[in-house]
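Asker: Got a structure for you, input_3.txt, holding compact mmCIF, C-alpha atoms.
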```txt
# COMPACT_ATOMS: atom_id res chain seq x y z
CA GLY A 13 -18.43 32.37 -24.51
CA VAL A 14 -15.73 31.49 -22.01
CA ASN A 15 -12.21 32.21 -23.18
CA TYR A 16 -9.42 30.05 -21.84
CA ILE A 17 -5.88 28.86 -22.50
CA THR A 18 -4.31 25.53 -21.62
CA PHE A 19 -0.68 24.70 -20.99
CA THR A 20 1.42 21.87 -19.61
CA SER A 21 3.79 22.47 -16.74
CA GLY A 22 7.49 21.81 -17.27
CA ASP A 23 10.68 21.86 -15.24
CA GLU A 24 10.49 25.65 -14.91
CA LYS A 25 7.78 28.10 -13.87
CA THR A 26 5.33 29.09 -16.62
CA VAL A 27 4.93 32.82 -17.34
CA ILE A 28 1.68 33.93 -19.00
CA SER A 29 1.85 37.42 -20.53
CA GLY A 30 -0.59 39.59 -22.49
CA LEU A 31 -3.65 38.93 -20.35
CA ASN A 32 -6.45 41.43 -20.99
CA ALA A 33 -8.26 43.19 -18.16
CA GLY A 34 -10.73 40.89 -16.41
CA ASP A 35 -11.21 38.19 -13.81
CA TYR A 36 -9.39 34.88 -14.18
CA LYS A 37 -9.31 31.45 -12.56
CA VAL A 38 -6.56 28.82 -12.68
CA THR A 39 -7.35 25.13 -12.16
CA GLU A 40 -5.56 21.86 -12.79
CA THR A 41 -7.30 19.42 -15.15
CA VAL A 42 -4.67 16.69 -15.49
CA ALA A 43 -2.08 15.72 -12.87
CA PRO A 44 1.29 14.17 -13.72
CA ASP A 45 1.38 10.39 -13.42
CA GLY A 46 2.08 9.45 -9.80
CA TYR A 47 0.26 12.50 -8.41
CA THR A 48 -3.35 13.38 -7.62
CA ILE A 49 -5.18 16.31 -9.21
CA SER A 50 -5.27 19.45 -7.10
CA THR A 51 -8.85 20.59 -6.46
CA ALA A 52 -7.75 24.11 -5.51
CA GLU A 53 -8.94 27.09 -7.57
CA PHE A 54 -6.85 30.25 -7.83
CA GLU A 55 -8.54 33.50 -8.83
CA PHE A 56 -6.93 36.79 -9.84
CA THR A 57 -7.86 40.02 -11.57
CA VAL A 58 -6.08 42.11 -14.18
CA ASP A 59 -7.13 45.79 -14.15
CA THR A 60 -7.11 48.26 -17.06
CA GLU A 61 -3.59 49.36 -16.11
CA GLY A 62 -2.25 45.83 -16.38
CA SER A 63 -1.83 45.36 -12.65
CA VAL A 64 -2.49 41.86 -11.32
CA THR A 65 -3.89 41.13 -7.87
CA THR A 66 -1.77 37.98 -7.64
CA ASP A 67 1.23 37.63 -9.91
CA LYS A 68 2.50 34.29 -8.53
CA ILE A 69 0.42 31.12 -8.25
CA GLU A 70 1.73 27.86 -6.82
CA ILE A 71 -0.27 24.68 -7.42
CA ILE A 72 0.72 21.80 -5.16
CA ASP A 73 -0.02 18.19 -6.13
CA GLU A 74 0.08 15.38 -3.60
CA ALA A 75 1.64 12.05 -4.50
CA VAL A 76 -0.56 9.04 -5.13
CA GLU A 77 -0.21 7.17 -1.85
CA LEU A 78 -1.21 3.75 -0.58
CA SER A 79 -0.68 2.65 3.01
CA VAL A 80 -0.22 -1.12 3.39
CA ASN A 81 -0.63 -2.83 6.74
CA LYS A 82 -0.43 -6.38 8.09
CA THR A 83 -2.60 -7.42 11.05
CA ASP A 84 -4.56 -10.22 12.66
CA LEU A 85 -8.15 -10.97 11.62
CA THR A 86 -9.62 -8.19 13.77
CA GLY A 87 -7.11 -5.52 12.72
CA ASN A 88 -6.06 -4.99 16.35
CA LYS A 89 -2.60 -6.60 16.32
CA GLU A 90 0.26 -5.73 13.98
CA VAL A 91 1.80 -8.80 12.36
CA LYS A 92 5.48 -8.76 11.40
CA ASN A 93 7.97 -10.72 9.27
CA ALA A 94 5.68 -11.26 6.28
CA VAL A 95 7.24 -10.35 2.91
CA LEU A 96 4.85 -8.17 0.88
CA THR A 97 5.45 -7.59 -2.83
CA ILE A 98 3.75 -5.20 -5.26
CA THR A 99 4.19 -5.88 -8.98
CA ASN A 100 3.04 -4.45 -12.30
CA ASP A 101 4.58 -5.89 -15.47
CA LYS A 102 3.63 -2.82 -17.50
CA LEU A 103 6.02 -0.55 -15.59
CA THR A 104 9.66 -0.42 -16.65
CA ALA A 105 12.57 -1.30 -14.39
CA ASP A 106 13.53 2.38 -14.31
CA GLN A 107 10.03 3.36 -13.20
CA TRP A 108 10.06 0.76 -10.45
CA LYS A 109 13.53 1.85 -9.34
CA ALA A 110 12.29 5.44 -9.05
CA ILE A 111 9.38 4.26 -6.88
CA ALA A 112 11.70 2.12 -4.71
CA ASP A 113 14.15 5.00 -4.27
CA ALA A 114 11.34 7.38 -3.26
CA ASN A 115 9.94 5.13 -0.53
CA LYS A 116 11.71 4.33 2.72
CA GLY A 117 12.00 0.69 3.73
CA VAL A 118 11.19 -0.90 0.35
CA GLU A 119 13.49 -2.58 -2.16
CA LEU A 120 13.40 -3.34 -5.87
CA THR A 121 12.63 -6.95 -6.79
CA LYS A 122 15.38 -8.95 -8.48
CA ASP A 123 13.59 -8.87 -11.84
CA GLY A 124 12.97 -5.11 -11.57
CA LYS A 125 9.20 -5.52 -11.96
CA GLY A 126 8.11 -4.54 -8.47
CA ILE A 127 8.99 -3.63 -4.91
CA TYR A 128 8.96 -5.60 -1.67
CA TRP A 129 9.40 -5.13 2.05
CA THR A 130 9.01 -7.01 5.32
CA SER A 131 6.08 -6.11 7.56
CA GLY A 132 6.90 -4.65 10.96
CA ASP A 133 5.24 -2.75 13.78
CA GLU A 134 3.38 -0.26 11.58
CA ALA A 135 1.97 0.30 8.11
CA VAL A 136 4.26 1.13 5.19
CA GLU A 137 3.46 4.15 3.01
CA ILE A 138 3.96 3.62 -0.74
CA LYS A 139 4.01 6.85 -2.76
CA TYR A 140 4.23 7.80 -6.44
CA LEU A 141 2.47 4.72 -7.83
CA LEU A 142 1.79 5.27 -11.52
CA ASN A 143 -1.52 4.59 -13.27
CA GLY A 144 -2.10 0.90 -13.89
CA GLU A 145 -3.11 -2.42 -12.36
CA TYR A 146 -1.06 -3.91 -9.54
CA THR A 147 -0.83 -7.18 -7.66
CA LEU A 148 0.04 -7.46 -3.97
CA THR A 149 1.26 -10.85 -2.76
CA GLU A 150 2.40 -12.14 0.61
CA THR A 151 5.11 -14.75 1.12
CA GLN A 152 6.91 -16.32 4.04
CA GLY A 153 10.24 -14.71 4.89
CA ASP A 154 13.18 -16.10 6.84
CA GLU A 155 11.42 -15.65 10.17
CA ALA A 156 8.03 -16.81 11.45
CA ILE A 157 5.12 -14.41 10.88
CA THR A 158 4.11 -13.36 14.40
CA ASP A 159 2.40 -10.68 16.47
CA LYS A 160 3.68 -9.05 19.67
CA ASP A 161 2.24 -11.93 21.72
CA GLY A 162 4.19 -14.55 19.76
CA ASN A 163 1.18 -15.99 17.91
CA LYS A 164 2.14 -17.39 14.51
CA TYR A 165 0.14 -16.61 11.36
CA GLU A 166 -0.62 -18.32 8.08
CA VAL A 167 0.27 -16.66 4.78
CA ILE A 168 -2.73 -15.59 2.68
CA GLU A 169 -2.54 -17.68 -0.51
CA SER A 170 -4.68 -15.39 -2.69
CA LYS A 171 -3.35 -12.32 -4.48
CA VAL A 172 -4.77 -8.86 -3.93
CA THR A 173 -5.22 -6.71 -7.02
CA PHE A 174 -5.73 -2.97 -7.11
CA LYS A 175 -5.90 -0.23 -9.73
CA VAL A 176 -4.42 3.26 -9.73
CA ASP A 177 -6.13 5.91 -11.88
CA ASN A 178 -5.33 9.52 -11.00
CA THR A 179 -8.07 10.80 -13.34
CA SER A 180 -10.78 9.09 -11.25
CA ASP A 181 -12.52 10.37 -8.12
CA LYS A 182 -11.36 7.14 -6.47
CA VAL A 183 -7.69 7.14 -7.34
CA ILE A 184 -7.11 3.66 -5.88
CA THR A 185 -9.64 0.82 -6.06
CA VAL A 186 -9.03 -2.62 -4.54
CA THR A 187 -10.72 -5.72 -5.92
CA GLY A 188 -12.67 -7.82 -3.44
CA ALA A 189 -11.62 -5.96 -0.29
CA ALA A 190 -13.95 -5.30 2.63
CA ASP A 191 -14.35 -1.69 3.77
CA LYS A 192 -14.03 -2.45 7.48
CA PHE A 193 -12.59 -5.02 9.87
CA LYS A 194 -14.64 -7.90 11.22
CA THR A 195 -15.38 -8.29 14.91
CA GLU A 196 -14.70 -11.59 16.68
CA ASN A 197 -18.40 -12.48 16.34
CA GLU A 198 -18.41 -11.72 12.60
CA ILE A 199 -15.49 -14.02 11.77
CA ASP A 200 -17.07 -17.25 10.52
CA ASP A 201 -13.83 -19.05 9.64
CA LYS A 202 -10.84 -18.15 11.81
CA THR A 203 -8.51 -20.18 9.56
CA LYS A 204 -8.88 -17.86 6.54
CA GLY A 205 -7.58 -14.35 6.06
CA TYR A 206 -9.12 -11.43 4.18
CA THR A 207 -8.28 -7.88 3.07
CA VAL A 208 -9.65 -4.48 4.09
CA TYR A 209 -9.39 -1.16 2.24
CA ASP A 210 -10.84 1.93 3.90
CA GLY A 211 -9.87 4.40 1.17
CA GLU A 212 -6.41 5.03 2.57
CA THR A 213 -4.96 1.84 4.03
CA LEU A 214 -4.94 -1.64 2.50
CA THR A 215 -4.70 -4.17 5.32
CA ILE A 216 -3.84 -7.84 4.92
CA CYS A 217 -5.57 -9.70 7.78
CA ASP A 218 -4.07 -13.11 8.51
CA ALA A 219 -5.37 -16.08 10.47
CA VAL A 220 -3.50 -17.48 13.45
CA ARG A 221 -1.77 -20.75 12.62
CA LYS A 222 -3.48 -23.60 14.47
CA THR A 223 -1.01 -26.13 15.90
CA GLY A 224 -1.40 -29.37 17.80
CA THR A 225 0.52 -30.60 20.84
CA VAL A 226 1.66 -34.15 21.52
CA THR A 227 3.54 -35.49 24.53
CA VAL A 228 6.19 -38.18 23.89
CA SER A 229 7.47 -40.40 26.69
CA LYS A 230 10.48 -42.76 26.58
CA VAL A 231 10.43 -45.46 29.29
CA GLU A 232 11.29 -49.13 29.80
CA VAL A 233 8.87 -51.76 28.55
CA THR A 234 7.67 -52.25 32.10
CA GLY A 235 7.11 -48.51 32.57
CA GLY A 236 8.77 -46.43 35.22
CA GLU A 237 11.01 -43.39 34.96
CA GLU A 238 11.92 -41.58 31.74
CA ILE A 239 15.01 -42.86 29.93
CA GLU A 240 17.45 -40.20 28.74
CA GLY A 241 19.55 -40.30 25.58
CA ALA A 242 17.14 -41.81 23.04
CA LYS A 243 16.90 -40.02 19.64
CA LEU A 244 13.37 -39.76 18.30
CA VAL A 245 12.06 -38.35 15.01
CA ILE A 246 8.70 -36.71 14.24
CA GLU A 247 7.92 -36.41 10.53
CA THR A 248 4.89 -35.86 8.31
CA THR A 249 3.47 -38.76 6.35
```
What do you get writing this file as C-alpha cells?
Answerer:
Amino acid sequence: GVNYITFTSGDEKTVISGLNAGDYKVTETVAPDGYTISTAEFEFTVDTEGSVTTDKIEIIDEAVELSVNKTDLTGNKEVKNAVLTITNDKLTADQWKAIADANKGVELTKDGKGIYWTSGDEAVEIKYLLNGEYTLTETQGDEAITDKDGNKYEVIESKVTFKVDNTSDKVITVTGAADKFKTENEIDDKTKGYTVYDGETLTICDAVRKTGTVTVSKVEVTGGEEIEGAKLVIETT
C-alpha cells in the first residue's frame, strides 16, 4: 500500500528526517482558516545514499479574498459614498480586528462584530475572511450616493448573504446573486437594485433615484412679475 505521514505546520519550518530511499510527493490537504488550499504538488527523491533531490520545499497559500464593488444597474459606473458593512456574529472581536487591520480602507464596527467602509472609485479587496456565514448590508452615509455624473442612487434594502468555506472547491458562495450584469434591455424594473457575483467580485448594483421637479412662482394676485422676499416651505404629507 501507499505509505504516508501527516503533520501540521507551525510557526517554524518542519524538518522530516529518516526518510527511506524512494520517490515522494508533498501536498496540502487542509489550509489554515483564512487561506485557500494550495493545489501545488512537490515531488522529490531520496537515493540509497540518503541524498535528496530537493531538500527545501516551500508551500505558499493565498488568502481567502473577496472583492466588493458598488455600481449602477449595468455595472458600468462606479457608485461612491455608500457605507458597506460585513458582519458575522460567530467571529470574535479579536478575529474581526485582525481582519480589519489586514485590509486597507476598512474599519472595525463599534460592536466589534464586523467591518465597514465607504464605497469609492474602485472595488475594495477583503482578505483573510474566516470560514462561516456573512451578511453584507448597505446604508446611507453622510453624503449622497452618486456616480461620476452626479446621478443619485437608492440604497438596496435587502441584505446579501455569503458563505466562506476553504475546504470547498467554491470557497465563496453568494446567495441569490446573478453571475453577470444586466444590459439596459434586460433591466425590467429600473427602480430596484440587484447583486452580481462572478466568482471573484461581489457587486452591489443600485438603481438611480427618481426625482420630480416642480416650479414655484410668487406673484401678486393679479399676476405680473415675481415678488422677492417671501419664505415658502415644501414638506411631505
Asker: Considering only C-alpha atoms, state which residue in the set A:Ile157, A:Val167, A:Ala190, A:Ile184 is at the smallest distance from Asn143 of chain A.
Answerer: A:Ile184
Asker: Identify which of the residues A:Asp45, A:Glu24, A:Glu55, A:Glu212 lies closest to Leu141 of chain A, counting all atoms listed in the file when measuring atom-to-atom distances.
Answerer: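 Under the stated criterion, the closest residue is A:Asp45.
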Asker: Do you have the atom CA of Thr158 of chain A-atom CA of Asp218 of chain A distance handy?
Answerer: 10.1 Å
Asker: Please tell me which residues are no farther than 9 Å from (-4.8, -14.6, 1.5) in the file, counting all atoms listed in the file, and write them as a list of chain:residue names.
Answerer: A:Thr149, A:Glu150, A:Glu166, A:Val167, A:Ile168, A:Glu169, A:Ser170, A:Lys171, A:Val172, A:Lys204, A:Gly205, A:Tyr206, A:Thr207, A:Ile216, A:Cys217, A:Asp218
Asker: Report, in Å with one decimal, the straight-line distance from atom CA of Ala75 of chain A to atom CA of Asp113 of chain A.
Answerer: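 That distance, rounded to one decimal, is 14.4 Å.
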Asker: Give the answer as one residue: which of A:Thr195, A:Thr187, A:Thr48, A:Thr60 has the shortest atom-to-atom distance to Glu77 of chain A, using all atoms listed in the file?
Answerer: A:Thr48
Asker: In Å, how far is it from atom CA of Val80 of chain A to atom CA of Thr104 of chain A?
Answerer: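 These atoms are spaced 22.4 Å apart.
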Asker: Please list, as a ChimeraX atom specification, the residues that have an atom at most 8 Å away from (-11.7, 17.3, -15.6) in the coordinates of this file, counting all atoms listed in the file.
Answerer: /A:41-42,179
Asker: Can you list, as a list in words, every protein, DNA or RNA residue that comes within 8 Å of Glu137 of chain A when you count all atoms listed in the file, leaving out same-chain residues fewer than 2 positions away?
Answerer: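 Residues meeting the cut-off are Glu77, Leu78, Ser79, Val80, Asn115, Ala135 and Lys139 of chain A.
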Asker: Determine, counting only C-alpha atoms, which protein, DNA and RNA residues have an atom within 12 Å of an atom of Thr173 of chain A; residues of the same chain fewer than 3 positions away are not included. Present the result as a PDB file with C-alpha atoms, in the coordinates of the input.
Answerer:
```pdb
ATOM      1  CA  THR A  97       5.450  -7.590  -2.830  1.00  0.00           C
ATOM      2  CA  ILE A  98       3.750  -5.200  -5.260  1.00  0.00           C
ATOM      3  CA  THR A  99       4.190  -5.880  -8.980  1.00  0.00           C
ATOM      4  CA  ASN A 100       3.040  -4.450 -12.300  1.00  0.00           C
ATOM      5  CA  GLY A 144      -2.100   0.900 -13.890  1.00  0.00           C
ATOM      6  CA  GLU A 145      -3.110  -2.420 -12.360  1.00  0.00           C
ATOM      7  CA  TYR A 146      -1.060  -3.910  -9.540  1.00  0.00           C
ATOM      8  CA  THR A 147      -0.830  -7.180  -7.660  1.00  0.00           C
ATOM      9  CA  LEU A 148       0.040  -7.460  -3.970  1.00  0.00           C
ATOM     10  CA  THR A 149       1.260 -10.850  -2.760  1.00  0.00           C
ATOM     11  CA  SER A 170      -4.680 -15.390  -2.690  1.00  0.00           C
ATOM     12  CA  VAL A 176      -4.420   3.260  -9.730  1.00  0.00           C
ATOM     13  CA  ILE A 184      -7.110   3.660  -5.880  1.00  0.00           C
ATOM     14  CA  THR A 185      -9.640   0.820  -6.060  1.00  0.00           C
ATOM     15  CA  VAL A 186      -9.030  -2.620  -4.540  1.00  0.00           C
ATOM     16  CA  THR A 187     -10.720  -5.720  -5.920  1.00  0.00           C
ATOM     17  CA  GLY A 188     -12.670  -7.820  -3.440  1.00  0.00           C
ATOM     18  CA  ALA A 189     -11.620  -5.960  -0.290  1.00  0.00           C
ATOM     19  CA  THR A 207      -8.280  -7.880   3.070  1.00  0.00           C
ATOM     20  CA  TYR A 209      -9.390  -1.160   2.240  1.00  0.00           C
ATOM     21  CA  LEU A 214      -4.940  -1.640   2.500  1.00  0.00           C
TER      22      LEU A 214
END
```
Asker: With only C-alpha atoms as the basis for distance, which of A:Lys92, A:Lys109, A:Lys164, A:Lys116 is at the shortest distance from Gly132 of chain A?
Answerer: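 Closest candidate: A:Lys92.
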Asker: Taking all atoms listed in the file into account, name the residue in A:Leu142, A:Ala105, A:Ile239, A:Val208 that is nearest to Lys122 of chain A.
Answerer: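 Of A:Leu142, A:Ala105, A:Ile239, A:Val208, the one nearest Lys122 of chain A is A:Ala105, counting all atoms listed in the file.
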Asker: Which residues come within 6 Å of Tyr47 of chain A, counting only C-alpha atoms, excluding same-chain residues fewer than 4 positions away, as a VMD selection string?
Answerer: chain A and resid 43 74 to 76
Asker: Identify which of the residues A:Leu85, A:Val58, A:Leu96, A:Ile111 lies closest to Val136 of chain A, counting all atoms listed in the file when measuring atom-to-atom distances.
Answerer: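 Ranked by minimum distance to Val136 of chain A, first place goes to A:Leu96.
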Asker: Show me, as a VMD selection string, the residues that have an atom within 12 Å of Thr66 of chain A when counting only C-alpha atoms, minus same-chain residues fewer than 5 positions from it.
Answerer: chain A and resid 35 to 38 54 to 59
Asker: If we count all atoms listed in the file, what is near Asn93 of chain A at a cut-off of 12 Å, once residues fewer than 5 positions away on the same chain are taken out, given as an MDAnalysis selection string?
Answerer: chainID A and resid 81:83 129:134 150:160 162 164:167
